[in-house]
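What follows is the content of input_34.csv, which has CSV, N, CA and C atoms:
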```csv
chain,number,residue,atom,x,y,z
A,24,MET,N,31.4,-4.2,-55.8
A,24,MET,CA,32.1,-3.0,-56.0
A,24,MET,C,33.2,-3.1,-57.0
A,25,ASN,N,33.4,-2.1,-57.8
A,25,ASN,CA,34.4,-2.1,-58.8
A,25,ASN,C,35.3,-0.9,-58.5
A,26,ALA,N,36.6,-1.1,-58.7
A,26,ALA,CA,37.6,0.0,-58.6
A,26,ALA,C,38.0,0.3,-60.1
A,27,PHE,N,37.9,1.6,-60.4
A,27,PHE,CA,38.2,2.1,-61.7
A,27,PHE,C,39.5,3.0,-61.6
A,28,GLN,N,40.5,2.7,-62.5
A,28,GLN,CA,41.6,3.5,-62.6
A,28,GLN,C,41.6,4.3,-63.9
A,29,ILE,N,41.6,5.6,-63.9
A,29,ILE,CA,41.4,6.4,-65.1
A,29,ILE,C,42.6,7.3,-65.2
A,30,ARG,N,43.4,7.1,-66.3
A,30,ARG,CA,44.5,8.0,-66.6
A,30,ARG,C,44.1,9.0,-67.6
A,31,TYR,N,44.5,10.3,-67.3
A,31,TYR,CA,44.1,11.4,-68.1
A,31,TYR,C,45.1,12.5,-68.1
A,32,ARG,N,45.1,13.3,-69.2
A,32,ARG,CA,45.9,14.5,-69.2
A,32,ARG,C,45.3,15.6,-68.4
A,33,ASN,N,46.0,16.2,-67.5
A,33,ASN,CA,45.4,17.2,-66.6
A,33,ASN,C,45.2,18.5,-67.3
A,34,THR,N,44.1,18.6,-68.0
A,34,THR,CA,43.6,19.9,-68.6
A,34,THR,C,42.4,20.4,-67.8
A,35,GLN,N,42.1,21.6,-68.1
A,35,GLN,CA,41.0,22.2,-67.3
A,35,GLN,C,39.7,21.5,-67.4
A,36,GLY,N,39.1,21.0,-66.3
A,36,GLY,CA,37.8,20.4,-66.3
A,36,GLY,C,37.8,18.9,-66.5
A,37,THR,N,38.9,18.3,-66.8
A,37,THR,CA,38.9,16.8,-67.2
A,37,THR,C,38.5,16.0,-66.0
A,38,LEU,N,39.1,16.3,-64.8
A,38,LEU,CA,38.7,15.5,-63.6
A,38,LEU,C,37.2,15.7,-63.3
A,39,MET,N,36.7,16.9,-63.4
A,39,MET,CA,35.3,17.1,-63.1
A,39,MET,C,34.4,16.3,-64.1
A,40,ARG,N,34.8,16.3,-65.4
A,40,ARG,CA,34.0,15.5,-66.3
A,40,ARG,C,34.0,14.0,-66.0
A,41,ILE,N,35.1,13.5,-65.5
A,41,ILE,CA,35.2,12.1,-65.1
A,41,ILE,C,34.3,11.8,-63.9
A,42,LEU,N,34.3,12.7,-62.9
A,42,LEU,CA,33.5,12.5,-61.7
A,42,LEU,C,32.0,12.7,-62.0
A,43,ASN,N,31.7,13.7,-62.9
A,43,ASN,CA,30.3,13.9,-63.3
A,43,ASN,C,29.6,12.7,-63.9
A,44,ALA,N,30.4,11.9,-64.6
A,44,ALA,CA,29.9,10.7,-65.3
A,44,ALA,C,29.3,9.8,-64.2
A,45,ALA,N,29.9,9.7,-63.1
A,45,ALA,CA,29.4,8.9,-62.0
A,45,ALA,C,28.2,9.6,-61.2
A,46,SER,N,28.4,10.8,-61.0
A,46,SER,CA,27.4,11.5,-60.2
A,46,SER,C,26.1,11.7,-60.9
A,47,ARG,N,26.1,11.8,-62.3
A,47,ARG,CA,24.9,11.9,-63.1
A,47,ARG,C,24.1,10.7,-63.0
A,48,ARG,N,24.7,9.5,-62.7
A,48,ARG,CA,24.0,8.3,-62.6
A,48,ARG,C,23.6,8.0,-61.1
A,49,ALA,N,23.8,9.0,-60.2
A,49,ALA,CA,23.5,8.9,-58.8
A,49,ALA,C,24.2,7.7,-58.1
A,50,LEU,N,25.5,7.5,-58.5
A,50,LEU,CA,26.3,6.5,-57.9
A,50,LEU,C,27.0,7.0,-56.8
A,51,ASP,N,27.1,6.3,-55.7
A,51,ASP,CA,27.9,6.7,-54.5
A,51,ASP,C,29.4,6.5,-54.8
A,52,LEU,N,30.1,7.6,-54.5
A,52,LEU,CA,31.6,7.5,-54.7
A,52,LEU,C,32.1,7.0,-53.3
A,53,HIS,N,32.4,5.7,-53.2
A,53,HIS,CA,32.9,5.1,-52.0
A,53,HIS,C,34.3,5.6,-51.7
A,54,TYR,N,35.1,5.8,-52.8
A,54,TYR,CA,36.5,6.1,-52.6
A,54,TYR,C,36.9,6.9,-53.8
A,55,VAL,N,37.6,8.0,-53.6
A,55,VAL,CA,38.2,8.8,-54.8
A,55,VAL,C,39.6,9.2,-54.4
A,56,GLN,N,40.5,9.0,-55.3
A,56,GLN,CA,41.9,9.4,-55.0
A,56,GLN,C,42.5,9.9,-56.4
A,57,ALA,N,42.9,11.1,-56.4
A,57,ALA,CA,43.5,11.6,-57.7
A,57,ALA,C,45.0,11.9,-57.4
A,58,GLU,N,45.8,11.6,-58.3
A,58,GLU,CA,47.3,11.8,-58.1
A,58,GLU,C,47.9,11.9,-59.4
A,59,SER,N,49.2,12.4,-59.4
A,59,SER,CA,49.9,12.5,-60.7
A,59,SER,C,50.6,11.1,-60.9
A,60,ALA,N,50.6,10.7,-62.2
A,60,ALA,CA,51.2,9.4,-62.5
A,60,ALA,C,52.1,9.7,-63.8
A,61,GLU,N,53.4,9.8,-63.6
A,61,GLU,CA,54.3,10.1,-64.6
A,61,GLU,C,54.0,11.4,-65.3
A,62,ARG,N,53.8,11.4,-66.6
A,62,ARG,CA,53.4,12.7,-67.2
A,62,ARG,C,51.9,13.0,-67.1
A,63,ASP,N,51.1,12.0,-67.0
A,63,ASP,CA,49.7,12.1,-66.9
A,63,ASP,C,49.2,12.2,-65.4
A,64,HIS,N,47.9,12.1,-65.2
A,64,HIS,CA,47.4,12.0,-63.9
A,64,HIS,C,46.5,10.8,-63.8
A,65,GLN,N,46.1,10.4,-62.6
A,65,GLN,CA,45.3,9.2,-62.5
A,65,GLN,C,44.3,9.4,-61.4
A,66,VAL,N,43.1,9.0,-61.6
A,66,VAL,CA,42.1,9.0,-60.5
A,66,VAL,C,41.6,7.6,-60.3
A,67,THR,N,41.4,7.2,-59.1
A,67,THR,CA,40.9,5.9,-58.7
A,67,THR,C,39.5,6.1,-58.1
A,68,LEU,N,38.5,5.4,-58.6
A,68,LEU,CA,37.2,5.5,-58.1
A,68,LEU,C,36.7,4.1,-57.7
A,69,VAL,N,36.0,4.0,-56.5
A,69,VAL,CA,35.4,2.8,-56.2
A,69,VAL,C,33.9,3.0,-56.2
A,70,LEU,N,33.2,2.3,-57.0
A,70,LEU,CA,31.7,2.5,-57.2
A,70,LEU,C,31.1,1.1,-57.2
A,71,GLU,N,29.8,1.1,-56.7
A,71,GLU,CA,29.0,-0.1,-56.8
A,71,GLU,C,28.1,0.0,-58.0
A,72,VAL,N,28.4,-0.7,-59.1
A,72,VAL,CA,27.8,-0.6,-60.4
A,72,VAL,C,27.4,-1.9,-60.9
A,73,SER,N,26.4,-1.9,-61.8
A,73,SER,CA,26.0,-3.1,-62.6
A,73,SER,C,26.9,-3.2,-63.8
A,74,GLN,N,26.8,-4.4,-64.5
A,74,GLN,CA,27.6,-4.5,-65.7
A,74,GLN,C,27.2,-3.5,-66.8
A,75,LYS,N,25.9,-3.2,-66.9
A,75,LYS,CA,25.4,-2.2,-67.8
A,75,LYS,C,26.0,-0.9,-67.6
A,76,GLN,N,26.0,-0.5,-66.3
A,76,GLN,CA,26.6,0.8,-65.9
A,76,GLN,C,28.1,0.8,-66.2
A,77,VAL,N,28.8,-0.3,-66.0
A,77,VAL,CA,30.2,-0.3,-66.3
A,77,VAL,C,30.5,0.0,-67.8
A,78,GLY,N,29.7,-0.6,-68.7
A,78,GLY,CA,29.8,-0.3,-70.1
A,78,GLY,C,29.5,1.2,-70.4
A,79,GLN,N,28.5,1.7,-69.7
A,79,GLN,CA,28.1,3.1,-70.0
A,79,GLN,C,29.2,4.1,-69.5
A,80,LEU,N,29.8,3.8,-68.3
A,80,LEU,CA,30.9,4.6,-67.8
A,80,LEU,C,32.1,4.5,-68.7
A,81,TYR,N,32.5,3.3,-69.1
A,81,TYR,CA,33.6,3.2,-70.0
A,81,TYR,C,33.4,4.0,-71.3
A,82,ARG,N,32.2,3.9,-71.9
A,82,ARG,CA,31.9,4.6,-73.1
A,82,ARG,C,32.0,6.1,-72.9
A,83,GLU,N,31.5,6.6,-71.8
A,83,GLU,CA,31.5,8.0,-71.5
A,83,GLU,C,32.9,8.5,-71.2
A,84,TRP,N,33.6,7.8,-70.4
A,84,TRP,CA,35.0,8.2,-70.0
A,84,TRP,C,35.9,8.2,-71.3
A,85,TYR,N,35.8,7.2,-72.1
A,85,TYR,CA,36.6,7.3,-73.3
A,85,TYR,C,36.2,8.3,-74.3
A,86,SER,N,35.0,8.9,-74.2
A,86,SER,CA,34.5,10.0,-75.1
A,86,SER,C,35.1,11.3,-74.7
A,87,ILE,N,35.7,11.4,-73.4
A,87,ILE,CA,36.4,12.6,-73.0
A,87,ILE,C,37.7,12.7,-73.7
A,88,ALA,N,38.0,13.8,-74.3
A,88,ALA,CA,39.2,13.9,-75.2
A,88,ALA,C,40.5,13.6,-74.4
A,89,ASP,N,40.6,14.0,-73.2
A,89,ASP,CA,41.9,13.9,-72.5
A,89,ASP,C,42.1,12.6,-71.7
A,90,VAL,N,41.1,11.7,-71.7
A,90,VAL,CA,41.2,10.4,-71.1
A,90,VAL,C,42.1,9.5,-71.9
A,91,VAL,N,43.2,9.0,-71.3
A,91,VAL,CA,44.1,8.2,-72.0
A,91,VAL,C,43.8,6.7,-71.8
A,92,HIS,N,43.4,6.2,-70.6
A,92,HIS,CA,43.2,4.8,-70.4
A,92,HIS,C,42.2,4.7,-69.2
A,93,VAL,N,41.3,3.6,-69.4
A,93,VAL,CA,40.4,3.3,-68.3
A,93,VAL,C,40.5,1.8,-68.0
A,94,GLY,N,40.7,1.5,-66.7
A,94,GLY,CA,40.8,0.1,-66.3
A,94,GLY,C,39.9,-0.1,-65.1
A,95,SER,N,39.6,-1.4,-64.8
A,95,SER,CA,38.7,-1.7,-63.7
A,95,SER,C,39.1,-3.1,-63.1
A,96,GLY,N,38.6,-3.3,-61.9
A,96,GLY,CA,38.8,-4.6,-61.3
A,96,GLY,C,37.9,-4.6,-60.0
A,97,ALA,N,37.9,-5.7,-59.3
A,97,ALA,CA,37.2,-5.8,-58.1
A,97,ALA,C,37.8,-5.0,-57.0
A,98,ALA,N,37.0,-4.3,-56.2
A,98,ALA,CA,37.6,-3.4,-55.2
A,98,ALA,C,37.6,-4.2,-53.9
A,99,HIS,N,38.6,-4.0,-53.1
A,99,HIS,CA,38.7,-4.6,-51.8
A,99,HIS,C,38.5,-3.6,-50.7
A,100,ALA,N,37.2,-3.3,-50.5
A,100,ALA,CA,36.8,-2.2,-49.6
A,100,ALA,C,37.2,-2.5,-48.2
A,101,ALA,N,37.4,-3.7,-47.8
A,101,ALA,CA,37.7,-4.0,-46.4
A,101,ALA,C,39.1,-3.4,-46.0
A,102,ALA,N,40.0,-3.3,-47.0
A,102,ALA,CA,41.3,-2.8,-46.7
A,102,ALA,C,41.2,-1.3,-46.4
A,103,TRP,N,40.2,-0.6,-47.0
A,103,TRP,CA,40.1,0.8,-46.8
A,103,TRP,C,39.2,1.2,-45.6
A,104,THR,N,38.2,0.3,-45.2
A,104,THR,CA,37.3,0.7,-44.2
A,104,THR,C,37.6,0.2,-42.8
A,105,SER,N,38.5,-0.8,-42.7
A,105,SER,CA,38.8,-1.3,-41.4
A,105,SER,C,39.9,-0.4,-40.7
A,106,ALA,N,39.8,-0.3,-39.4
A,106,ALA,CA,40.8,0.5,-38.7
A,106,ALA,C,42.0,-0.4,-38.4
A,107,HIS,N,43.2,0.2,-38.6
A,107,HIS,CA,44.4,-0.5,-38.3
A,107,HIS,C,45.2,0.2,-37.3
A,108,PRO,N,45.7,-0.4,-36.2
A,108,PRO,CA,46.5,0.3,-35.3
A,108,PRO,C,47.9,0.4,-35.9
A,109,PRO,N,48.8,1.3,-35.4
A,109,PRO,CA,50.1,1.4,-35.9
A,109,PRO,C,50.8,0.1,-35.8
A,110,SER,N,51.8,-0.2,-36.7
A,110,SER,CA,52.4,-1.5,-36.8
A,110,SER,C,53.2,-1.9,-35.6
A,111,GLY,N,53.6,-0.9,-34.8
A,111,GLY,CA,54.3,-1.3,-33.5
A,111,GLY,C,53.5,-1.5,-32.3
A,112,VAL,N,52.1,-1.4,-32.5
A,112,VAL,CA,51.2,-1.6,-31.4
A,112,VAL,C,50.5,-2.9,-31.5
A,113,THR,N,50.4,-3.7,-30.4
A,113,THR,CA,49.7,-5.0,-30.4
A,113,THR,C,48.2,-4.7,-30.2
A,114,ALA,N,47.4,-5.7,-30.5
A,114,ALA,CA,46.0,-5.5,-30.3
A,114,ALA,C,45.6,-5.3,-28.9
A,115,GLU,N,46.3,-5.9,-27.9
A,115,GLU,CA,45.9,-5.7,-26.5
A,115,GLU,C,46.3,-4.3,-26.1
A,116,GLU,N,47.4,-3.8,-26.5
A,116,GLU,CA,47.8,-2.4,-26.2
A,116,GLU,C,46.8,-1.4,-26.8
A,117,SER,N,46.3,-1.7,-28.0
A,117,SER,CA,45.4,-0.8,-28.7
A,117,SER,C,44.0,-0.8,-27.9
A,118,ARG,N,43.6,-2.0,-27.5
A,118,ARG,CA,42.3,-2.1,-26.7
A,118,ARG,C,42.5,-1.4,-25.4
A,119,ALA,N,43.6,-1.5,-24.7
A,119,ALA,CA,43.8,-0.9,-23.4
A,119,ALA,C,43.8,0.6,-23.6
A,120,ALA,N,44.4,1.1,-24.6
A,120,ALA,CA,44.4,2.6,-24.9
A,120,ALA,C,43.0,3.1,-25.2
A,121,ALA,N,42.2,2.3,-25.9
A,121,ALA,CA,40.9,2.7,-26.2
A,121,ALA,C,40.0,2.8,-24.9
A,122,ARG,N,40.2,1.9,-24.0
A,122,ARG,CA,39.5,1.9,-22.7
A,122,ARG,C,39.9,3.0,-21.8
A,123,ALA,N,41.1,3.5,-21.9
A,123,ALA,CA,41.6,4.5,-21.0
A,123,ALA,C,40.9,5.8,-21.2
```
Let me see the file written as structure tokens.
Amino acid sequence: MNAFQIRYRNTQGTLMRILNAASRRALDLHYVQAESAERDHQVTLVLEVSQKQVGQLYREWYSIADVVHVGSGAAHAAAWTSAHPPSGVTAEESRAAARA
């Protein structure tokens, strides 16, 4: 799994063009988060892709006029998919509450 961070200027349709690049390839969007980042905006996508698909996505994203930067790295999906009890609750308390 790869995590892609894409910075873009928030003009009409830019986010949809970024997301369509992945959906046209029938890639599952495991995680998507869009937020403002300073003057620009940033979207983080977690996708399971091959090296060839990474190159294709980079090329397509950079061809979008309002994309400023594209970066990627290994995704740590376990941090997003595992359930965590609140920090003040011990594991035993959490289990006991689940059984009740």
For CA of Leu50 (chain A) and CA of Asp63 (chain A), the interatomic separation in Å (one decimal):
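One can read the CA of Leu50 (chain A) to CA of Asp63 (chain A) distance as 25.7 Å.
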CA of Asn33 (chain A) and CA of Gln76 (chain A) are how many Å apart?
25.0 Å
As a PyMOL selection string, please: the residues near Met24 (chain A) (cut-off 6.5 Å, all atoms listed in the file, same-chain neighbours under 5 positions excluded).
chain A and resi 69-72+96-98
Using N, CA and C atoms, can you write the selected residues to a file as a short mmCIF file (atom, residue, chain, number, x, y, z; two decimals), in the coordinates of the input?
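Output (result.cif):
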```cif
data_model
loop_
_atom_site.label_atom_id
_atom_site.label_comp_id
_atom_site.auth_asym_id
_atom_site.auth_seq_id
_atom_site.Cartn_x
_atom_site.Cartn_y
_atom_site.Cartn_z
N VAL A 69 36.00 4.00 -56.50
CA VAL A 69 35.40 2.80 -56.20
C VAL A 69 33.90 3.00 -56.20
N LEU A 70 33.20 2.30 -57.00
CA LEU A 70 31.70 2.50 -57.20
C LEU A 70 31.10 1.10 -57.20
N GLU A 71 29.80 1.10 -56.70
CA GLU A 71 29.00 -0.10 -56.80
C GLU A 71 28.10 0.00 -58.00
N VAL A 72 28.40 -0.70 -59.10
CA VAL A 72 27.80 -0.60 -60.40
C VAL A 72 27.40 -1.90 -60.90
N GLY A 96 38.60 -3.30 -61.90
CA GLY A 96 38.80 -4.60 -61.30
C GLY A 96 37.90 -4.60 -60.00
N ALA A 97 37.90 -5.70 -59.30
CA ALA A 97 37.20 -5.80 -58.10
C ALA A 97 37.80 -5.00 -57.00
N ALA A 98 37.00 -4.30 -56.20
CA ALA A 98 37.60 -3.40 -55.20
C ALA A 98 37.60 -4.20 -53.90
#
```
Mind the document's chain letters and residue numbers, and return as a list in words the residues of region 25-67 of chain A that DSSP labels strand (DSSP E).
Asn25, Ala26, Phe27, Gln28, Ile29, Arg30, Tyr31, Tyr54, Val55, Gln56, Ala57, Glu58, Ser59, Ala60, Asp63, His64, Gln65, Val66 and Thr67 of chain A
12 Å contact set for region 85-87 of chain A, only C-alpha atoms, chain neighbours under 6 positions out, as a VMD selection string
chain A and resid 29 to 34 36 to 44 78 to 79 93 to 94
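Taking atom N of Ser95 (chain A) and atom C of Ala60 (chain A) as the two end points, the separation is 16.7 Å.
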Which residues come within 8 Å of Ala57 (chain A), counting only C-alpha atoms, excluding same-chain residues fewer than 3 positions away, as number ranges by chain?
A: 64-67
Your completed region 79-93 of chain A with N, CA, C and O atoms, as a short mmCIF file (atom, residue, chain, number, x, y, z; two decimals), in the frame of the given file:
```cif
data_model
loop_
_atom_site.label_atom_id
_atom_site.label_comp_id
_atom_site.auth_asym_id
_atom_site.auth_seq_id
_atom_site.Cartn_x
_atom_site.Cartn_y
_atom_site.Cartn_z
N GLN A 79 28.50 1.70 -69.70
CA GLN A 79 28.10 3.10 -70.00
C GLN A 79 29.20 4.10 -69.50
O GLN A 79 29.55 5.03 -70.19
N LEU A 80 29.80 3.80 -68.30
CA LEU A 80 30.90 4.60 -67.80
C LEU A 80 32.10 4.50 -68.70
O LEU A 80 32.73 5.57 -69.00
N TYR A 81 32.50 3.30 -69.10
CA TYR A 81 33.60 3.20 -70.00
C TYR A 81 33.40 4.00 -71.30
O TYR A 81 34.32 4.76 -71.72
N ARG A 82 32.20 3.90 -71.90
CA ARG A 82 31.90 4.60 -73.10
C ARG A 82 32.00 6.10 -72.90
O ARG A 82 32.61 6.85 -73.69
N GLU A 83 31.50 6.60 -71.80
CA GLU A 83 31.50 8.00 -71.50
C GLU A 83 32.90 8.50 -71.20
O GLU A 83 33.31 9.60 -71.68
N TRP A 84 33.60 7.80 -70.40
CA TRP A 84 35.00 8.20 -70.00
C TRP A 84 35.90 8.20 -71.30
O TRP A 84 36.70 9.16 -71.44
N TYR A 85 35.80 7.20 -72.10
CA TYR A 85 36.60 7.30 -73.30
C TYR A 85 36.20 8.30 -74.30
O TYR A 85 36.96 8.72 -75.20
N SER A 86 35.00 8.90 -74.20
CA SER A 86 34.50 10.00 -75.10
C SER A 86 35.10 11.30 -74.70
O SER A 86 35.09 12.27 -75.42
N ILE A 87 35.70 11.40 -73.40
CA ILE A 87 36.40 12.60 -73.00
C ILE A 87 37.70 12.70 -73.70
O ILE A 87 38.52 11.71 -73.61
N ALA A 88 38.00 13.80 -74.30
CA ALA A 88 39.20 13.90 -75.20
C ALA A 88 40.50 13.60 -74.40
O ALA A 88 41.43 13.02 -75.01
N ASP A 89 40.60 14.00 -73.20
CA ASP A 89 41.90 13.90 -72.50
C ASP A 89 42.10 12.60 -71.70
O ASP A 89 43.05 12.46 -70.98
N VAL A 90 41.10 11.70 -71.70
CA VAL A 90 41.20 10.40 -71.10
C VAL A 90 42.10 9.50 -71.90
O VAL A 90 41.86 9.31 -73.09
N VAL A 91 43.20 9.00 -71.30
CA VAL A 91 44.10 8.20 -72.00
C VAL A 91 43.80 6.70 -71.80
O VAL A 91 43.94 5.90 -72.78
N HIS A 92 43.40 6.20 -70.60
CA HIS A 92 43.20 4.80 -70.40
C HIS A 92 42.20 4.70 -69.20
O HIS A 92 42.16 5.44 -68.29
N VAL A 93 41.30 3.60 -69.40
CA VAL A 93 40.40 3.30 -68.30
C VAL A 93 40.50 1.80 -68.00
O VAL A 93 40.54 0.98 -68.92
#
```
